[in-house]
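Q: Data file work-v7.cif (mmCIF, C-alpha atoms and all ligand atoms) is appended below.
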data_final
#
loop_
_atom_site.label_atom_id
_atom_site.label_comp_id
_atom_site.auth_asym_id
_atom_site.auth_seq_id
_atom_site.Cartn_x
_atom_site.Cartn_y
_atom_site.Cartn_z
CA MET A 11 -31.31 46.77 65.65
CA PRO A 12 -33.54 43.67 65.73
CA ARG A 13 -33.19 43.14 61.99
CA PRO A 14 -29.54 42.37 61.81
CA SER A 15 -29.86 39.87 64.65
CA ILE A 16 -32.43 37.98 62.56
CA LEU A 17 -30.54 38.26 59.28
CA TRP A 18 -27.15 37.17 60.52
CA PRO A 19 -27.91 33.52 60.96
CA VAL A 20 -29.54 33.40 57.50
CA ARG A 21 -26.50 34.97 55.79
CA SER A 22 -24.13 32.75 57.71
CA LEU A 23 -25.99 29.68 56.56
CA ALA A 24 -25.85 30.96 53.00
CA VAL A 25 -22.08 31.36 53.25
CA LEU A 26 -21.75 27.92 54.79
CA GLY A 27 -23.91 26.48 51.99
CA ILE A 28 -21.63 27.87 49.31
CA VAL A 29 -18.59 26.52 51.08
CA ALA A 30 -20.20 23.10 51.44
CA VAL A 31 -21.08 22.97 47.73
CA THR A 32 -17.58 23.98 46.77
CA VAL A 33 -16.02 21.22 48.86
CA ALA A 34 -18.46 18.62 47.52
CA VAL A 35 -17.72 19.49 43.87
CA ALA A 36 -13.94 19.66 44.17
CA ALA A 37 -12.04 16.36 43.90
CA PRO A 38 -10.36 15.14 47.08
CA ALA A 39 -6.84 16.55 47.38
CA SER A 40 -5.33 13.07 47.16
CA ALA A 41 -6.97 12.41 43.76
CA ASN A 42 -5.62 15.61 42.20
CA PRO A 43 -2.47 14.75 40.15
CA LEU A 44 -1.10 18.18 40.94
CA LYS A 45 -1.25 17.41 44.68
CA SER A 46 -0.44 13.68 44.76
CA ALA A 47 2.71 11.77 45.40
CA ASP A 48 3.71 9.69 42.37
CA VAL A 49 6.04 6.80 43.15
CA THR A 50 7.98 5.02 40.44
CA VAL A 51 10.23 1.98 40.74
CA THR A 52 13.44 0.80 39.09
CA PHE A 53 14.64 -2.81 39.13
CA GLU A 54 18.41 -2.62 39.37
CA ALA A 55 20.71 -5.56 38.51
CA ALA A 56 24.49 -5.57 38.44
CA ARG A 57 24.40 -8.40 35.86
CA ASN A 58 21.69 -9.59 33.52
CA ILE A 59 23.52 -12.21 31.42
CA LEU A 60 24.54 -15.12 33.61
CA PRO A 61 26.12 -18.57 33.34
CA THR A 62 24.03 -21.52 34.58
CA ASP A 63 25.35 -21.09 38.15
CA GLY A 64 25.57 -17.30 37.96
CA TRP A 65 24.42 -14.70 40.46
CA SER A 66 23.74 -11.01 40.57
CA SER A 67 23.20 -8.34 43.14
CA VAL A 68 19.71 -6.89 42.60
CA SER A 69 17.65 -4.17 44.25
CA ALA A 70 14.50 -2.11 43.86
CA VAL A 71 14.65 1.67 44.07
CA VAL A 72 11.56 3.80 44.62
CA ARG A 73 11.41 7.43 43.56
CA ASN A 74 8.77 10.07 44.20
CA ALA A 75 8.03 11.92 40.95
CA GLY A 76 5.09 13.80 42.48
CA PRO A 77 5.00 17.27 44.07
CA VAL A 78 4.14 16.21 47.63
CA PRO A 79 5.78 13.73 50.02
CA ALA A 80 4.87 10.05 49.63
CA ARG A 81 3.82 8.32 52.83
CA GLY A 82 3.65 4.59 53.39
CA ALA A 83 5.50 3.63 50.21
CA ARG A 84 5.66 -0.10 49.62
CA VAL A 85 8.17 -1.88 47.38
CA THR A 86 8.18 -5.52 46.29
CA LEU A 87 10.63 -7.59 44.26
CA THR A 88 10.35 -11.14 42.95
CA MET A 89 12.69 -13.36 40.95
CA PRO A 90 11.54 -16.65 39.37
CA ALA A 91 13.00 -20.10 39.99
CA PRO A 92 15.61 -21.41 39.61
CA PHE A 93 16.96 -18.28 41.32
CA GLU A 94 17.48 -18.82 45.03
CA ASN A 95 18.31 -16.35 47.73
CA TYR A 96 18.97 -16.56 51.45
CA GLY A 97 19.80 -13.09 52.76
CA LEU A 98 18.64 -9.52 52.50
CA SER A 99 20.26 -6.24 53.43
CA THR A 100 18.31 -3.08 54.07
CA SER A 101 18.34 -0.08 56.40
CA SER A 102 16.35 0.91 59.47
CA ASP A 103 14.27 3.18 57.22
CA TRP A 104 12.52 0.05 55.96
CA ASP A 105 10.40 -2.75 57.38
CA CYS A 106 10.97 -5.79 55.15
CA VAL A 107 9.85 -9.39 54.98
CA HIS A 108 11.42 -11.81 52.52
CA THR A 109 10.96 -15.40 51.41
CA TYR A 110 13.66 -17.99 50.78
CA PRO A 111 14.88 -19.88 48.90
CA ALA A 112 12.16 -18.59 46.51
CA VAL A 113 13.11 -15.01 45.92
CA SER A 114 10.85 -12.18 47.03
CA PHE A 115 10.83 -9.25 49.38
CA ASP A 116 8.11 -6.87 50.47
CA CYS A 117 9.23 -3.65 52.15
CA ARG A 118 7.49 -0.63 53.65
CA TYR A 119 9.19 2.73 53.91
CA LEU A 120 8.93 4.06 57.46
CA ARG A 121 9.68 7.64 56.51
CA GLU A 122 8.26 10.17 54.09
CA LEU A 123 9.78 10.16 50.62
CA ALA A 124 10.22 13.79 49.61
CA PRO A 125 9.37 14.99 46.10
CA GLY A 126 12.26 14.05 43.79
CA ALA A 127 13.88 11.78 46.39
CA LYS A 128 14.63 8.09 45.89
CA ALA A 129 15.39 5.22 48.23
CA GLU A 130 16.65 1.67 47.80
CA ALA A 131 14.34 -0.72 49.62
CA ALA A 132 16.67 -3.71 49.95
CA ARG A 133 19.50 -5.50 48.22
CA ILE A 134 19.73 -9.25 47.68
CA THR A 135 22.04 -11.58 45.76
CA PRO A 136 20.06 -14.37 44.11
CA GLN A 137 21.98 -17.28 42.57
CA LEU A 138 20.90 -19.67 39.83
CA ARG A 139 20.58 -23.36 40.81
CA GLY A 140 20.26 -25.78 37.89
CA ALA A 141 19.46 -23.26 35.19
CA THR A 142 19.82 -24.27 31.54
CA VAL A 143 21.50 -22.34 28.74
CA GLY A 144 18.96 -20.36 26.75
CA GLN A 145 16.57 -19.64 29.62
CA ARG A 146 15.17 -16.14 29.90
CA LEU A 147 14.03 -15.28 33.41
CA THR A 148 12.14 -12.14 34.37
CA GLY A 149 12.49 -10.41 37.71
CA ARG A 150 9.77 -7.93 38.72
CA ALA A 151 9.57 -4.96 41.07
CA THR A 152 6.59 -2.85 42.13
CA ALA A 153 6.08 0.30 44.17
CA SER A 154 2.91 1.79 45.57
CA THR A 155 1.72 4.43 47.95
CA PRO A 156 -1.82 5.03 49.28
CA ARG A 157 -4.10 7.41 47.32
CA GLU A 158 -1.91 7.71 44.25
CA THR A 159 -3.37 8.80 40.89
CA ASN A 160 -0.61 7.70 38.50
CA THR A 161 -0.03 3.98 38.92
CA GLY A 162 1.14 3.40 35.32
CA ASN A 163 4.76 3.76 36.38
CA ASN A 164 4.59 1.54 39.49
CA ALA A 165 6.21 -1.59 38.01
CA ASP A 166 9.52 -2.47 36.41
CA GLU A 167 11.12 -5.69 35.26
CA GLN A 168 14.52 -7.08 34.33
CA VAL A 169 15.15 -10.00 32.00
CA PHE A 170 18.03 -12.33 32.89
CA GLN A 171 19.52 -14.47 30.11
CA VAL A 172 21.27 -17.74 30.89
CA VAL A 173 24.28 -18.34 28.65
CA GLY A 174 27.20 -20.76 28.33
CA ASN A 175 30.79 -19.89 29.12
CA GLY A 176 33.51 -19.02 26.65
CA LEU A 177 37.22 -18.19 26.80
CA ILE A 178 39.38 -15.12 26.33
CA GLU A 179 43.06 -16.00 25.99
CA GLY A 180 46.35 -14.77 24.63
CA VAL A 181 49.85 -13.63 25.45
CA PHE A 182 51.68 -10.45 26.29
CA TRP A 183 54.96 -10.47 24.40
CA HIS A 184 58.05 -8.28 24.17
CA ASP A 185 58.17 -6.93 20.62
CA VAL A 186 61.95 -6.70 20.66
CA ASP A 187 62.32 -5.15 17.18
CA ALA A 188 59.16 -3.00 17.64
CA ASP A 189 57.75 -3.99 14.23
CA GLY A 190 54.30 -4.96 15.57
CA VAL A 191 54.77 -8.62 14.59
CA ARG A 192 55.38 -11.49 17.00
CA GLU A 193 58.40 -13.45 15.75
CA ALA A 194 60.25 -16.50 17.03
CA GLY A 195 62.50 -15.54 19.91
CA GLU A 196 60.36 -12.63 21.13
CA PRO A 197 59.57 -13.68 24.69
CA ILE A 198 56.31 -13.79 26.59
CA VAL A 199 56.27 -11.24 29.40
CA ASP A 200 54.15 -10.82 32.50
CA PRO A 201 50.85 -9.14 31.74
CA VAL A 202 49.98 -5.98 33.58
CA HIS A 203 46.68 -4.49 34.72
CA TYR A 204 44.04 -6.15 32.55
CA VAL A 205 40.25 -5.93 32.61
CA ALA A 206 37.60 -7.54 30.40
CA ARG A 207 34.58 -5.31 30.97
CA SER A 208 31.14 -6.47 29.88
CA VAL A 209 29.37 -4.17 27.47
CA ASP A 210 26.01 -5.67 28.47
CA ASP A 211 26.10 -5.27 32.25
CA GLU A 212 28.48 -4.53 35.11
CA ASP A 213 30.41 -7.80 34.89
CA ARG A 214 34.19 -7.55 34.78
CA TYR A 215 37.11 -9.94 34.91
CA GLY A 216 40.82 -9.33 35.10
CA TRP A 217 43.92 -9.06 37.20
CA SER A 218 46.71 -6.72 38.22
CA ASN A 219 49.51 -9.28 37.99
CA ASN A 220 49.74 -12.59 36.17
CA PHE A 221 52.43 -14.80 34.64
CA GLY A 222 52.81 -16.16 31.13
CA PRO A 223 49.95 -16.83 28.71
CA TYR A 224 46.54 -16.03 30.09
CA ARG A 225 43.16 -17.70 29.76
CA ILE A 226 39.96 -16.54 31.47
CA GLN A 227 36.54 -18.19 31.40
CA VAL A 228 33.67 -15.74 31.07
CA PRO A 229 29.92 -15.88 30.38
CA ALA A 230 29.32 -15.57 26.63
CA LYS A 231 28.38 -11.94 26.07
CA ARG A 232 29.97 -8.77 24.75
CA TYR A 233 33.16 -7.40 26.27
CA SER A 234 35.72 -4.72 25.82
CA VAL A 235 39.27 -5.46 27.03
CA GLU A 236 41.42 -2.70 28.48
CA VAL A 237 45.05 -2.82 29.55
CA GLU A 238 46.93 -0.26 31.64
CA LEU A 239 50.71 -0.07 31.15
CA SER A 240 53.25 1.69 33.33
CA THR A 241 55.21 3.68 30.75
CA GLN A 242 58.26 3.47 32.99
CA ARG A 243 58.58 -0.06 31.68
CA TRP A 244 56.44 -0.65 28.58
CA ARG A 245 54.52 0.94 25.74
CA PHE A 246 52.13 -0.74 23.32
CA THR A 247 53.62 -1.74 19.99
CA ARG A 248 51.87 -0.86 16.71
CA PRO A 249 48.54 -2.77 16.56
CA ASN A 250 47.02 -4.85 13.77
CA VAL A 251 50.18 -5.27 11.65
CA GLY A 252 49.97 -8.19 9.20
CA SER A 253 48.32 -11.49 10.15
CA ASP A 254 45.92 -11.63 13.12
CA ALA A 255 47.86 -14.71 14.30
CA THR A 256 51.04 -12.69 14.90
CA ASP A 257 49.84 -9.13 15.45
CA SER A 258 49.14 -7.05 18.56
CA ASP A 259 45.42 -6.55 19.10
CA LEU A 260 45.29 -3.68 21.58
CA VAL A 261 44.92 -0.13 20.24
CA PRO A 262 46.29 2.68 22.46
CA TYR A 263 43.60 5.24 23.23
CA SER A 264 44.76 7.33 26.16
CA GLU A 265 47.88 8.35 28.05
CA THR A 266 48.80 10.12 31.26
CA THR A 267 52.17 11.06 32.74
CA TYR A 268 52.85 7.50 33.97
CA TYR A 269 50.36 5.24 32.19
CA GLN A 270 49.31 4.25 28.71
CA TYR A 271 45.91 2.67 28.04
CA GLY A 272 44.96 0.28 25.22
CA ARG A 273 41.67 -1.29 24.21
CA PHE A 274 40.29 -4.16 22.16
CA GLY A 275 36.63 -4.52 21.26
CA PRO A 276 33.79 -4.56 21.82
CA PHE A 277 33.60 -8.21 20.78
CA THR A 278 31.29 -11.14 21.52
CA VAL A 279 32.60 -14.19 23.36
CA ASP A 280 31.64 -17.41 21.56
CA VAL A 281 31.05 -20.59 23.59
CA ASN A 282 32.61 -22.70 20.84
CA ARG A 283 35.80 -20.81 20.08
CA PRO A 284 38.23 -18.83 22.26
CA THR A 285 38.69 -15.13 21.56
CA VAL A 286 42.45 -14.57 21.22
CA ILE A 287 43.77 -11.18 22.28
CA ASP A 288 47.55 -10.78 22.09
CA VAL A 289 49.41 -7.71 23.27
CA GLY A 290 52.81 -6.66 21.96
CA LEU A 291 54.91 -4.44 24.22
CA VAL A 292 57.97 -2.34 23.47
CA ALA A 293 60.36 -1.81 26.37
CA THR A 294 61.00 1.76 27.51
CA SER A 295 63.83 0.96 29.91
CA CA B 301 3.23 6.20 40.29
CA CA B 302 58.50 -8.21 16.38
CA CA B 303 45.76 -11.07 16.90
#
Give the structure from this file in structure tokens form.
A:
Amino acid sequence: MPRPSILWPVRSLAVLGIVAVTVAVAAPASANPLKSADVTVTFEAARNILPTDGWSSVSAVVRNAGPVPARGARVTLTMPAPFENYGLSTSSDWDCVHTYPAVSFDCRYLRELAPGAKAEAARITPQLRGATVGQRLTGRATASTPRETNTGNNADEQVFQVVGNGLIEGVFWHDVDADGVREAGEPIVDPVHYVARSVDDEDRYGWSNNFGPYRIQVPAKRYSVEVELSTQRWRFTRPNVGSDATDSDLVPYSETTYYQYGRFGPFTVDVNRPTVIDVGLVATS
């Protein structure tokens, strides 16, 4: 009986010793990539090609690519002069400070970011003041979280190009004889739903109703023009017949029960020369 009472403490110490060695050798849980949060960041911009007085909504979105929740995530965003900004919108999930008119924000996430989840820190709308054509301006975003092993994906940037303005213009005309050619006596009609959609970013210009010839000023970049026709009244005439000066430039590409859709482009707007897009319509009633 006395023996076990003497041996027990010795064996217990031995067990404790092994445990202690094991803990000392193993890396801390937070340094193990398999057990760490891994935040990444995306700089999001509605537009990235701007005229000299242009503006864009921008934001920074953090995502957790790791297998465990990220705590204390921090997100920053900066835009260089001559961008200026005065306001910031965010949610109660974030604690943000921002500077103005120089553009920056620094936000801390007040909740845990679950594995696979993402969150937008804040949204601002910086505007250019006194920019010059040809400038390239880089906005930067970062994300971080304490005790993270993979920091190689914690930054993102967005280049903004400053460009001049150009023109898109033309007419919608009634192709009375439906031959695809605009001839004397074929009248201009009111354009219908029209959108010039940028190929380079989310910029778009257009209208639902307009009168006579049209002319729109747009930043010089690539666009695709789309027109929606109510087939109760009009259909597109045959496109690209004969000379470009007298033809119809929109090619039909889709149709539903009540609408027909036509497209021109993509094309690049030139600051020195208007892009002319004419649309011939054949009456259906
Ligand atoms: Ca990371
Ligand atoms: Ca004609
Ligand atoms: Ca033409």
Q: Which residues are near ligand CA 302 (chain B) - at most 7 Å, using all atoms listed in the file? Format: as number ranges by chain.
A: A: 185-193, 196
Q: Using all atoms listed in the file, find each protein or nucleic acid residue lying at most 10 Å from ligand CA 301 (chain B); present the set as an mmCIF file with C-alpha atoms, in the frame of the given file.
A:
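What ended up in result28.cif:
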data_model
loop_
_atom_site.group_PDB
_atom_site.id
_atom_site.type_symbol
_atom_site.label_atom_id
_atom_site.label_comp_id
_atom_site.auth_asym_id
_atom_site.auth_seq_id
_atom_site.Cartn_x
_atom_site.Cartn_y
_atom_site.Cartn_z
ATOM 1 C CA SER A 46 -0.440 13.680 44.760
ATOM 2 C CA ALA A 47 2.710 11.770 45.400
ATOM 3 C CA ASP A 48 3.710 9.690 42.370
ATOM 4 C CA VAL A 49 6.040 6.800 43.150
ATOM 5 C CA THR A 50 7.980 5.020 40.440
ATOM 6 C CA VAL A 51 10.230 1.980 40.740
ATOM 7 C CA VAL A 72 11.560 3.800 44.620
ATOM 8 C CA ARG A 73 11.410 7.430 43.560
ATOM 9 C CA ASN A 74 8.770 10.070 44.200
ATOM 10 C CA ALA A 75 8.030 11.920 40.950
ATOM 11 C CA GLY A 76 5.090 13.800 42.480
ATOM 12 C CA THR A 152 6.590 -2.850 42.130
ATOM 13 C CA ALA A 153 6.080 0.300 44.170
ATOM 14 C CA SER A 154 2.910 1.790 45.570
ATOM 15 C CA THR A 155 1.720 4.430 47.950
ATOM 16 C CA GLU A 158 -1.910 7.710 44.250
ATOM 17 C CA THR A 159 -3.370 8.800 40.890
ATOM 18 C CA ASN A 160 -0.610 7.700 38.500
ATOM 19 C CA THR A 161 -0.030 3.980 38.920
ATOM 20 C CA GLY A 162 1.140 3.400 35.320
ATOM 21 C CA ASN A 163 4.760 3.760 36.380
ATOM 22 C CA ASN A 164 4.590 1.540 39.490
ATOM 23 C CA ALA A 165 6.210 -1.590 38.010
#
Q: Can you work out which residues are within 6 Å of ligand CA 303 (chain B), considering only C-alpha atoms and all ligand atoms, and then hand them over as a PyMOL selection string?
A: chain A and resi 254-259+287-288
Q: Name all residues at most 7 Å from region 166-182 of chain A (count all atoms listed in the file; drop same-chain ones fewer than 3 positions away) and give them as a PyMOL selection string.
A: chain A and resi 51-53+58-62+142-152+198-201+222-230+279-282+284-290
Q: Quick check, in Å to one decimal: how far apart do CA of Glu212 (chain A) and CA of Ala131 (chain A) lie?
A: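 Taking CA of Glu212 (chain A) and CA of Ala131 (chain A), their separation equals 20.6 Å.
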Q: Produce the centre coordinates and the three edge lengths, each in Å to one decimal, of the box along x, y and z that contains all listed atoms of region 197-202 of chain A with 8 Å added on each side, as lines of an AutoDock Vina configuration file.
A:
center_x = 54.8
center_y = -9.9
center_z = 29.1
size_x = 25.6
size_y = 23.8
size_z = 24.9
Q: Could you tell me which of A:Thr88, A:Ser253, A:Asp63, A:Tyr110 comes closest to Gly140 (chain A) if we count only C-alpha atoms?
A: A:Asp63
Q: Env of Tyr269 (chain A): 8 Å cut, atoms = all atoms listed in the file, seq-sep filter 5 positions within chain, self excluded. Answer as a ChimeraX atom specification.
A: /A:238-241
Q: Which one is closest to Ser99 (chain A): A:Ala132, A:Val85, A:Arg118, A:Val78? Count all atoms listed in the file.
A: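 Closest candidate: A:Ala132.
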Q: Up to 8 Å from (47.9, 0.9, 25.8) in the file's coordinates: name the residues, counting only C-alpha atoms, as a ChimeraX atom specification.
A: /A:236-239,245-246,260-265,270-273
Q: Quick one: residues within 8 Å of Asp103 (chain A), only C-alpha atoms counted, chain neighbours fewer than 6 positions away excluded, as a PyMOL selection string?
A: chain A and resi 119-121
Q: Which residue is closest to Thr278 (chain A)? Choose from A:Val205, A:Val251, A:Thr294, A:Ser234 and count only C-alpha atoms.
A: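 Looking only at the distances to Thr278 (chain A), the closest residue turns out to be A:Ser234.
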Q: For a test of reading the model, state the distance in Å between CA of Arg84 (chain A) and CA of Ala127 (chain A), rounded to one decimal.
A: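 Between these atoms lies a distance of 14.8 Å.
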Q: So, counting only C-alpha atoms, which residue among A:Lys231, A:Arg57, A:His184, A:Lys45 is closest to Pro197 (chain A)?
A: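 Looking at the shortest contact to Pro197 (chain A), the residue is A:His184.
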Q: Interatomic distance between CA of Val113 (chain A) and CA of Pro156 (chain A)?
A: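 CA of Pro156 (chain A) lies at a distance of 25.2 Å from CA of Val113 (chain A).
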